[in-house]
>>> print(open('upload38.csv').read())   # CSV, C-alpha atoms
chain,number,residue,atom,x,y,z
A,22,MET,CA,-15.0,-8.6,2.3
A,23,SER,CA,-13.2,-5.4,3.2
A,24,VAL,CA,-14.4,-2.1,1.7
A,25,SER,CA,-11.8,0.2,0.3
A,26,LEU,CA,-11.5,3.9,1.3
A,27,ARG,CA,-12.5,4.9,-2.2
A,28,GLN,CA,-15.7,2.9,-2.0
A,29,ARG,CA,-16.6,4.3,1.4
A,30,LEU,CA,-16.1,7.9,0.1
A,31,ALA,CA,-18.0,7.3,-3.2
A,32,PRO,CA,-21.4,8.6,-1.9
A,33,TYR,CA,-19.6,11.8,-0.8
A,34,ARG,CA,-17.5,12.4,-3.9
A,35,HIS,CA,-19.4,15.4,-5.1
A,36,ASP,CA,-19.4,16.9,-1.6
A,37,LEU,CA,-15.6,16.4,-1.3
A,38,ALA,CA,-15.2,17.9,-4.8
A,39,LEU,CA,-17.2,20.9,-3.9
A,40,LEU,CA,-15.2,21.4,-0.7
A,41,THR,CA,-12.1,21.3,-2.8
A,42,VAL,CA,-13.6,24.0,-5.1
A,43,VAL,CA,-14.4,26.1,-2.0
A,44,LEU,CA,-10.9,25.9,-0.8
A,45,ILE,CA,-9.5,26.8,-4.2
A,46,TRP,CA,-11.8,29.8,-4.7
A,47,GLY,CA,-11.3,31.0,-1.2
A,48,ILE,CA,-7.5,30.8,-1.3
A,49,ASN,CA,-7.4,32.3,-4.7
A,50,PHE,CA,-8.1,35.8,-3.3
A,51,ALA,CA,-5.0,35.6,-1.0
A,52,VAL,CA,-2.9,34.0,-3.8
A,53,LEU,CA,-3.8,36.8,-6.3
A,54,LYS,CA,-3.2,39.5,-3.6
A,55,ALA,CA,0.3,38.1,-2.9
A,56,ALA,CA,1.2,37.8,-6.6
A,57,LEU,CA,0.1,41.4,-7.3
A,58,VAL,CA,2.9,42.6,-5.0
A,59,GLU,CA,5.3,41.5,-7.8
A,60,VAL,CA,3.3,41.9,-11.0
A,61,HIS,CA,1.0,44.6,-12.2
A,62,PRO,CA,-2.7,43.6,-12.2
A,63,HIS,CA,-3.2,43.9,-16.0
A,64,VAL,CA,0.0,42.0,-16.7
A,65,LEU,CA,-1.1,39.2,-14.3
A,66,ASN,CA,-4.4,39.0,-16.1
A,67,ILE,CA,-2.6,38.2,-19.4
A,68,PHE,CA,-0.8,35.2,-17.9
A,69,ARG,CA,-3.6,33.8,-15.8
A,70,PHE,CA,-6.2,34.0,-18.6
A,71,ALA,CA,-3.7,32.4,-21.1
A,72,VAL,CA,-3.6,29.4,-18.6
A,73,SER,CA,-7.4,29.5,-18.2
A,74,ALA,CA,-8.0,29.4,-22.0
A,75,LEU,CA,-5.7,26.3,-22.3
A,76,VAL,CA,-7.4,24.5,-19.4
A,77,LEU,CA,-11.0,25.3,-20.4
A,78,GLY,CA,-10.2,24.5,-24.1
A,79,GLY,CA,-8.8,21.2,-23.1
A,80,LEU,CA,-11.8,20.4,-20.9
A,81,PHE,CA,-14.3,21.4,-23.6
A,82,ALA,CA,-12.4,19.5,-26.3
A,83,ARG,CA,-12.6,16.4,-24.1
A,84,ARG,CA,-16.3,16.9,-23.4
A,85,VAL,CA,-17.1,16.9,-27.1
A,86,ASP,CA,-14.8,14.0,-27.8
A,87,TYR,CA,-12.3,16.2,-29.7
A,88,ASP,CA,-14.9,16.7,-32.5
A,89,ALA,CA,-14.0,20.0,-34.3
A,90,ALA,CA,-17.5,20.7,-35.4
A,91,ALA,CA,-18.9,20.3,-31.9
A,92,PHE,CA,-16.1,22.4,-30.5
A,93,LEU,CA,-17.0,25.3,-32.8
A,94,GLN,CA,-20.8,24.8,-32.5
A,95,PRO,CA,-21.3,27.3,-29.6
A,96,LEU,CA,-19.5,30.0,-31.6
A,97,ARG,CA,-21.7,29.3,-34.7
A,98,ASP,CA,-24.9,29.2,-32.8
A,99,GLN,CA,-24.5,32.1,-30.4
A,100,PHE,CA,-21.7,34.3,-31.8
A,101,TYR,CA,-23.0,37.7,-30.8
A,102,THR,CA,-24.2,36.4,-27.4
A,103,ILE,CA,-20.7,35.0,-26.7
A,104,VAL,CA,-19.0,38.2,-27.8
A,105,GLY,CA,-21.3,40.3,-25.5
A,106,LEU,CA,-20.9,37.9,-22.6
A,107,GLY,CA,-17.2,37.5,-23.1
A,108,LEU,CA,-16.6,41.3,-22.9
A,109,LEU,CA,-18.9,41.7,-19.9
A,110,GLY,CA,-17.7,38.7,-17.9
A,111,TYR,CA,-14.1,38.3,-18.9
A,112,LEU,CA,-13.0,41.8,-19.8
A,113,PHE,CA,-14.9,44.5,-17.9
A,114,TYR,CA,-15.6,42.3,-14.8
A,115,GLN,CA,-12.0,41.1,-14.7
A,116,LEU,CA,-10.6,44.6,-14.9
A,117,PHE,CA,-12.6,45.8,-11.9
A,118,PHE,CA,-12.0,42.5,-10.0
A,119,ILE,CA,-8.2,42.4,-10.3
A,120,LEU,CA,-7.8,46.1,-9.5
A,121,GLY,CA,-10.2,45.6,-6.5
A,122,VAL,CA,-8.2,42.7,-5.2
A,123,ALA,CA,-5.0,44.8,-5.6
A,124,HIS,CA,-6.3,47.6,-3.4
A,125,THR,CA,-8.4,45.9,-0.7
A,126,THR,CA,-7.9,42.9,1.6
A,127,ALA,CA,-8.5,39.4,0.4
A,128,GLY,CA,-11.3,38.9,2.9
A,129,SER,CA,-13.2,42.0,2.1
A,130,ALA,CA,-12.9,41.3,-1.6
A,131,ALA,CA,-14.4,37.8,-1.1
A,132,LEU,CA,-17.2,39.0,1.2
A,133,ILE,CA,-18.3,41.7,-1.3
A,134,MET,CA,-18.2,39.2,-4.2
A,135,ALA,CA,-20.4,36.8,-2.1
A,136,GLY,CA,-23.3,39.2,-2.8
A,137,ALA,CA,-23.1,38.6,-6.5
A,138,PRO,CA,-25.9,36.0,-6.6
A,139,LEU,CA,-28.3,38.6,-5.2
A,140,TRP,CA,-27.3,41.1,-8.0
A,141,THR,CA,-27.9,38.2,-10.5
A,142,ALA,CA,-31.4,37.8,-9.1
A,143,LEU,CA,-32.0,41.5,-9.4
A,144,PHE,CA,-30.8,41.7,-13.0
A,145,GLY,CA,-32.8,38.6,-13.8
A,146,HIS,CA,-35.9,40.2,-12.4
A,147,VAL,CA,-35.5,43.5,-14.2
A,148,PHE,CA,-34.8,41.9,-17.6
A,149,GLY,CA,-37.4,39.2,-17.2
A,150,PHE,CA,-35.1,36.1,-17.0
A,151,ASP,CA,-36.3,35.3,-13.5
A,152,ARG,CA,-38.7,36.5,-10.9
A,153,MET,CA,-37.6,37.7,-7.4
A,154,VAL,CA,-39.6,36.2,-4.6
A,155,PRO,CA,-40.9,38.7,-2.0
A,156,ALA,CA,-38.3,37.6,0.5
A,157,GLY,CA,-35.6,38.1,-2.2
A,158,TRP,CA,-36.1,41.9,-1.8
A,159,LEU,CA,-35.4,41.6,1.9
A,160,GLY,CA,-32.4,39.5,1.2
A,161,LEU,CA,-31.2,42.1,-1.3
A,162,GLY,CA,-31.6,44.7,1.4
A,163,PHE,CA,-29.4,42.7,3.8
A,164,THR,CA,-26.8,42.4,1.0
A,165,LEU,CA,-26.8,46.2,0.4
A,166,VAL,CA,-26.4,47.0,4.1
A,167,GLY,CA,-23.7,44.3,4.5
A,168,THR,CA,-21.8,45.6,1.5
A,169,ALA,CA,-22.0,49.1,2.8
A,170,VAL,CA,-20.7,48.0,6.2
A,171,ILE,CA,-17.7,46.3,4.6
A,172,VAL,CA,-17.0,49.2,2.2
A,173,PHE,CA,-17.1,51.9,4.9
A,174,GLY,CA,-16.0,50.0,8.0
A,175,GLY,CA,-14.4,46.8,7.0
A,176,THR,CA,-11.0,47.9,8.2
A,177,ASP,CA,-9.6,50.7,10.4
A,178,GLU,CA,-9.4,52.9,7.2
A,179,VAL,CA,-12.7,54.6,6.5
A,180,ALA,CA,-11.5,57.7,4.6
A,181,PHE,CA,-13.0,58.1,1.1
A,182,GLY,CA,-9.5,58.7,-0.3
A,183,SER,CA,-7.9,55.6,1.2
A,184,ASP,CA,-6.6,52.7,-0.9
A,185,VAL,CA,-8.8,50.2,0.8
A,186,PHE,CA,-11.9,52.3,0.2
A,187,LEU,CA,-11.0,52.4,-3.5
A,188,GLY,CA,-10.5,48.6,-3.6
A,189,ASN,CA,-13.8,48.0,-1.9
A,190,ALA,CA,-15.6,50.3,-4.4
A,191,LEU,CA,-14.0,48.5,-7.3
A,192,MET,CA,-15.1,45.2,-5.8
A,193,VAL,CA,-18.7,46.4,-5.5
A,194,MET,CA,-18.6,47.2,-9.3
A,195,ALA,CA,-17.1,43.8,-10.0
A,196,ALA,CA,-19.9,42.1,-8.1
A,197,LEU,CA,-22.5,44.1,-10.0
A,198,LEU,CA,-20.8,43.2,-13.3
A,199,TRP,CA,-20.6,39.5,-12.4
A,200,GLY,CA,-24.2,39.5,-11.3
A,201,ALA,CA,-25.2,41.0,-14.7
A,202,TYR,CA,-23.0,38.5,-16.6
A,203,THR,CA,-24.5,35.5,-14.7
A,204,ALA,CA,-28.1,36.7,-15.3
A,205,PHE,CA,-27.5,37.2,-19.1
A,206,ASN,CA,-25.5,34.0,-19.3
A,207,LYS,CA,-28.3,31.8,-17.9
A,208,PRO,CA,-30.4,31.7,-21.0
A,209,ALA,CA,-27.3,31.0,-23.1
A,210,THR,CA,-26.4,28.0,-21.0
A,211,GLN,CA,-29.7,26.4,-21.8
A,212,ARG,CA,-28.7,26.2,-25.4
A,213,ALA,CA,-25.0,25.3,-25.1
A,214,ASP,CA,-22.4,23.7,-22.8
A,215,PRO,CA,-21.4,26.1,-20.0
A,216,ILE,CA,-17.7,25.2,-20.3
A,217,GLY,CA,-17.8,25.9,-24.0
A,218,LEU,CA,-19.5,29.2,-23.5
A,219,THR,CA,-16.9,30.1,-20.9
A,220,PHE,CA,-14.0,29.1,-23.1
A,221,TRP,CA,-15.1,31.1,-26.1
A,222,GLY,CA,-15.9,34.0,-23.8
A,223,VAL,CA,-12.4,34.0,-22.5
A,224,ILE,CA,-11.1,33.8,-26.1
A,225,VAL,CA,-13.1,36.9,-27.0
A,226,ALA,CA,-11.8,38.9,-24.1
A,227,PHE,CA,-8.2,37.7,-24.2
A,228,PRO,CA,-6.9,40.0,-27.0
A,229,PHE,CA,-8.3,43.0,-25.1
A,230,LEU,CA,-6.7,41.9,-21.9
A,231,VAL,CA,-3.4,41.5,-23.8
A,232,ALA,CA,-3.7,45.0,-25.3
A,233,ILE,CA,-4.4,46.6,-21.9
A,234,GLY,CA,-1.6,44.7,-20.2
A,235,LEU,CA,1.2,44.9,-22.7
A,236,PRO,CA,2.0,48.6,-22.1
A,237,TYR,CA,2.5,47.9,-18.4
A,238,ALA,CA,4.7,44.9,-19.1
A,239,ALA,CA,6.8,47.0,-21.6
A,240,ALA,CA,7.1,49.8,-19.1
A,241,ASP,CA,8.6,47.5,-16.5
A,242,GLU,CA,12.0,46.7,-18.2
A,243,GLY,CA,13.2,44.7,-15.2
A,244,LEU,CA,10.1,42.5,-15.0
A,245,VAL,CA,11.1,39.1,-13.7
A,246,ILE,CA,8.4,36.7,-12.7
A,247,SER,CA,9.5,34.5,-9.8
A,248,GLY,CA,8.8,30.8,-9.6
A,249,TRP,CA,6.2,31.2,-6.9
A,250,VAL,CA,4.3,33.8,-9.0
A,251,TRP,CA,4.2,31.4,-11.9
A,252,ALA,CA,2.7,28.8,-9.4
A,253,ALA,CA,0.1,31.5,-8.4
A,254,ILE,CA,-0.7,32.1,-12.1
A,255,ILE,CA,-1.2,28.3,-12.7
A,256,PHE,CA,-3.3,28.0,-9.5
A,257,SER,CA,-5.5,31.0,-10.3
A,258,GLY,CA,-5.8,30.4,-14.1
A,259,GLY,CA,-5.7,26.7,-14.2
A,260,LEU,CA,-7.6,25.7,-11.0
A,261,SER,CA,-9.7,28.6,-9.9
A,262,THR,CA,-11.0,29.7,-13.3
A,263,GLY,CA,-10.5,26.3,-15.1
A,264,TRP,CA,-10.8,23.0,-13.3
A,265,ALA,CA,-13.0,24.3,-10.4
A,266,PHE,CA,-15.5,25.8,-12.9
A,267,ALA,CA,-16.0,22.4,-14.5
A,268,VAL,CA,-16.4,20.6,-11.2
A,269,TRP,CA,-18.9,23.2,-9.9
A,270,ASN,CA,-21.1,22.8,-13.0
A,271,THR,CA,-20.9,19.0,-12.8
A,272,ALA,CA,-22.0,19.2,-9.2
A,273,VAL,CA,-25.0,21.5,-10.1
A,274,HIS,CA,-26.1,18.8,-12.5
A,275,LYS,CA,-25.5,15.9,-10.1
A,276,VAL,CA,-26.7,17.2,-6.7
A,277,GLY,CA,-28.8,20.2,-7.7
A,278,PRO,CA,-28.2,24.0,-7.6
A,279,SER,CA,-29.6,24.5,-4.1
A,280,GLN,CA,-27.3,22.1,-2.4
A,281,THR,CA,-24.3,23.2,-4.5
A,282,ALA,CA,-25.0,26.9,-3.7
A,283,ILE,CA,-24.7,26.1,0.1
A,284,TYR,CA,-21.0,25.5,-0.4
A,285,GLY,CA,-20.6,28.8,-2.1
A,286,ASN,CA,-21.3,30.5,1.2
A,287,LEU,CA,-18.1,29.0,2.6
A,288,VAL,CA,-15.8,30.8,0.1
A,289,PRO,CA,-15.6,34.1,2.0
A,290,VAL,CA,-14.9,32.2,5.2
A,291,VAL,CA,-11.9,30.5,3.6
A,292,ALA,CA,-10.8,33.8,2.1
A,293,LEU,CA,-10.8,35.5,5.4
A,294,LEU,CA,-8.8,32.7,7.0
A,295,SER,CA,-6.4,32.5,4.1
A,296,GLY,CA,-5.9,36.2,4.2
A,297,LEU,CA,-5.1,36.0,7.9
A,298,LEU,CA,-2.8,33.0,7.6
A,299,MET,CA,-1.0,33.8,4.3
A,300,LEU,CA,-0.9,37.6,4.3
A,301,GLY,CA,-1.4,38.5,8.0
A,302,GLU,CA,-4.5,40.5,7.2
A,303,PRO,CA,-6.5,41.1,10.4
A,304,ILE,CA,-10.2,40.2,10.6
A,305,TRP,CA,-12.3,43.2,11.7
A,306,PRO,CA,-15.6,42.9,13.6
A,307,LEU,CA,-17.4,45.1,11.1
A,308,GLN,CA,-16.0,42.9,8.3
A,309,LEU,CA,-17.6,39.9,10.0
A,310,ALA,CA,-20.9,41.7,10.6
A,311,GLY,CA,-21.1,42.8,7.0
A,312,GLY,CA,-20.3,39.3,5.8
A,313,ALA,CA,-23.0,37.8,8.0
A,314,LEU,CA,-25.6,40.2,6.5
A,315,ILE,CA,-24.5,39.3,3.0
A,316,ILE,CA,-24.6,35.6,3.5
A,317,GLY,CA,-27.8,35.9,5.6
A,318,GLY,CA,-29.4,37.7,2.6
A,319,LEU,CA,-28.3,34.9,0.3
A,320,ILE,CA,-29.6,32.1,2.6
A,321,LEU,CA,-33.0,33.9,3.0
A,322,THR,CA,-33.4,34.4,-0.7
A,323,ARG,CA,-32.5,30.8,-1.6
A,324,TRP,CA,-34.8,29.4,1.2
A,325,ALA,CA,-37.7,31.5,-0.1
A,326,ARG,CA,-37.1,30.4,-3.7
A,327,HIS,CA,-36.8,26.8,-2.7
A,328,THR,CA,-40.0,27.0,-0.7
A,329,ARG,CA,-41.9,28.6,-3.7
A,330,GLU,CA,-40.6,26.0,-6.1
A,331,ALA,CA,-41.5,23.1,-3.8
A,332,ALA,CA,-45.0,24.5,-3.4
A,333,ALA,CA,-45.4,25.0,-7.2
A,334,ALA,CA,-44.4,21.4,-7.8
A,335,VAL,CA,-47.3,20.0,-5.7
A,336,PRO,CA,-50.5,19.9,-7.7
A,337,SER,CA,-53.5,21.3,-6.0
A,338,THR,CA,-56.7,19.2,-5.7
A,339,GLU,CA,-58.9,22.2,-5.4
A,340,PRO,CA,-59.4,25.2,-7.6
A,341,LEU,CA,-57.7,28.4,-6.4
A,342,ALA,CA,-59.9,31.1,-5.1
A,343,SER,CA,-58.9,34.5,-6.3
A,344,SER,CA,-57.7,35.5,-2.8
A,345,ASP,CA,-55.5,32.4,-2.7
A,346,ALA,CA,-53.7,32.9,-6.0
A,347,PRO,CA,-50.0,33.5,-5.8
A,348,HIS,CA,-49.2,37.2,-5.8
A,349,ASP,CA,-46.1,36.7,-7.9
A,350,GLN,CA,-47.8,35.3,-10.9
A,351,PRO,CA,-47.5,37.4,-14.0
>>> encode(input="upload38.csv", output="structure tokens")
Amino acid sequence: MSVSLRQRLAPYRHDLALLTVVLIWGINFAVLKAALVEVHPHVLNIFRFAVSALVLGGLFARRVDYDAAAFLQPLRDQFYTIVGLGLLGYLFYQLFFILGVAHTTAGSAALIMAGAPLWTALFGHVFGFDRMVPAGWLGLGFTLVGTAVIVFGGTDEVAFGSDVFLGNALMVMAALLWGAYTAFNKPATQRADPIGLTFWGVIVAFPFLVAIGLPYAAADEGLVISGWVWAAIIFSGGLSTGWAFAVWNTAVHKVGPSQTAIYGNLVPVVALLSGLLMLGEPIWPLQLAGGALIIGGLILTRWARHTREAAAAVPSTEPLASSDAPHDQP
């Protein structure tokens, strides 16, 4: 009996889905960069987050079987948390992110954002949500050095007043804000559906994004959004922020966070290639060196955390002597 292609690919469906997410997130940097040539960053944010809200709202409604009470439940249970996270992750972060992408290259933006998980770990450690393993501090050091290499030498422009330097600095701030958002968001996701939290967070931030963007739209009397820019808005808002987010969280549940996180390391690689192929952006040696340091720091931290968790999961048959006790216990 012949086996269909779908049956053959069934064991790898989550891996294929994650690779699709990586492609979407990596290409998104170049897509946004190209769209920003025609539309002001704050105006673009209005349209792409309107699309994101529609997609995320639809996904969440489907997840709760279109039950109105369940749909509103996250808002009732964690109203102030959602307001705070929405402003942090979908207002302040997005303002720095979109302006950073507008001023730097797609590849540098993606490489700097690749360090966000290390900032998440640092914020989690400082505020008591998580505990940094010793190797995590070394990984954070790699990330700091790698980020500095990209900011100061990621292109042939190293002047402090250059447009690219400004964009890189904005992206560093964006990575810090996203790291803080993720750290503070983690406890909330243990009490509510992540897609629901994201949807309501976008709803909280959206009126502010509109208020910031409308003056720029009004000032451009001849604003005409071309068909391809509308496609970019749908791609970025519907796929990158909407569908891909749902797929990523499903994969975390199905195959585990460690295996899922491996795919995240491929996003800046795709962004560099898409920037080269779609925008003609050159890839600079120092850009690659900085990216290698950032991704190396992530891999080191995740490996150390996985090793510690695996050791903690194995029950000891002998009592621990004081000299053998883990140094990272509170």
>>> atom_distance(input="upload38.csv", atom1="CA of Ala156 (chain A)", atom2="CA of Ala137 (chain A)")
16.8 Å
>>> closest_residue(input="upload38.csv", among="A:Phe220, A:Ala238, A:Ala127, A:Val42", to="Ser295 (chain A)", atoms="all atoms listed in the file")
A:Ala127
>>> atom_distance(input="upload38.csv", atom1="CA of Asn286 (chain A)", atom2="CA of Leu39 (chain A)")
11.6 Å
>>> residues_around(input="upload38.csv", residues="Phe118 (chain A)", least_positions_apart="6", cutoff="7 Å", atoms="all atoms listed in the file", output="ChimeraX atom specification")
/A:191-192,195
>>> closest_residue(input="upload38.csv", among="A:Ala272, A:Ala142, A:Leu80, A:Val245", to="His61 (chain A)", atoms="all atoms listed in the file")
A:Val245
>>> atom_distance(input="upload38.csv", atom1="CA of Tyr202 (chain A)", atom2="CA of Phe113 (chain A)")
10.2 Å
>>> residues_around(input="upload38.csv", residues="region 206-218 of chain A", least_positions_apart="3", cutoff="9 Å", atoms="all atoms listed in the file", output="number ranges by chain")
A: 77-78, 80-82, 84, 92-96, 98-99, 102-103, 106-107, 150, 201-203, 221-223, 263, 266-267, 270
>>> closest_residue(input="upload38.csv", among="A:Leu197, A:Leu294, A:Val231, A:Ile171", to="Pro306 (chain A)", atoms="all atoms listed in the file")
A:Ile171
>>> residues_around(input="upload38.csv", residues="Ile315 (chain A)", least_positions_apart="4", cutoff="9 Å", atoms="only C-alpha atoms", output="number ranges by chain")
A: 132-133, 135-136, 160-161, 163-168, 310-311, 319-320
>>> residues_near_point(input="upload38.csv", point="(-14.5, 47.1, 5.9)", cutoff="12 Å", atoms="all atoms listed in the file", output="MDAnalysis selection string")
chainID A and resid 125:133 167:180 183:190 192 303:312
>>> closest_residue(input="upload38.csv", among="A:Met134, A:Ala55, A:Leu116, A:Ala123", to="Gly234 (chain A)", atoms="all atoms listed in the file")
A:Leu116
>>> residues_near_point(input="upload38.csv", point="(-10.2, 40.1, -24.4)", cutoff="10 Å", atoms="all atoms listed in the file", output="JSON, numbers by chain")
{"A": [67, 70, 104, 107, 108, 109, 111, 112, 113, 115, 222, 223, 224, 225, 226, 227, 228, 229, 230, 231, 232, 233]}
>>> closest_residue(input="upload38.csv", among="A:Val76, A:Leu159, A:Val43, A:Leu235", to="Leu314 (chain A)", atoms="all atoms listed in the file")
A:Leu159
>>> closest_residue(input="upload38.csv", among="A:Val122, A:Met194, A:Ala71, A:Val58", to="Ile246 (chain A)", atoms="all atoms listed in the file")
A:Val58
